[in-house]
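Since the structure comes first, as structure tokens, the remarks are kept for the end.
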Amino acid sequence: MNRSDRIEAEKIRCVGRWISRPRLIQWSSRHRVVEIFVEGRPAVAEAVRTWRVLKR
């Protein structure tokens, strides 16, 4: 996967014809995340809420 193929945001909306069953995976340390695959012709993903960087 290229860096340009990746979407990073706080909230992502995906639209497609088929979705896989949710799968629990290990992410980093003790954090666990849910992974699903969205398929379609085309499958579309858009950032609903962009990633915010908090300044200190």
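Convention: chains lettered A, B, ... in structure tokens order; per-chain residue numbering from 1; ligands numbered from 1 as shown.
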Practice item. Do a neighbour search on region 29-45 of chain A at 10 Å with only C-alpha atoms, toss out local chain neighbours closer than 5 positions, and write the hits as a list in words. Key: Arg6, Ile7, Ile12, Arg13, Cys14, Val15, Gly16, Arg17, Trp18, Ile19, Ser20, Arg21, Pro22, Arg23 and Leu24 of chain A
Exercise for review: Extract, using only C-alpha atoms, all DNA, RNA and protein residues at most 8 Å from Trp51 (chain A), discarding same-chain residues fewer than 4 positions from it, and format them as a list in words.
Suggested key: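 The contact residues come out as Glu8, Ala9 and Glu10 of chain A.
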The selected residues should be written to file as a compact mmCIF listing (two decimals), in the first residue's frame (atoms: C-alpha atoms).
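And here is the file that came out, result02.txt:
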```
# COMPACT_ATOMS: atom_id res chain seq x y z
CA GLU A 8 -5.93 8.85 8.40
CA ALA A 9 -8.61 10.72 10.33
CA GLU A 10 -10.54 10.64 13.60
```
Practice item. Looking only at strand (DSSP E) from DSSP on the backbone, list the matching residues of chain A as a list in words. Key: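 Going through chain A, the strand (DSSP E) residues come out as Lys11, Ile12, Arg13, Cys14, Val15, Trp18, Ile19, Arg23, Leu24, Ile25, Gln26, Arg32, Val33, Val34, Glu35, Val38, Glu39, Val44, Ala45, Glu46, Ala47, Val48 and Arg49 of chain A.
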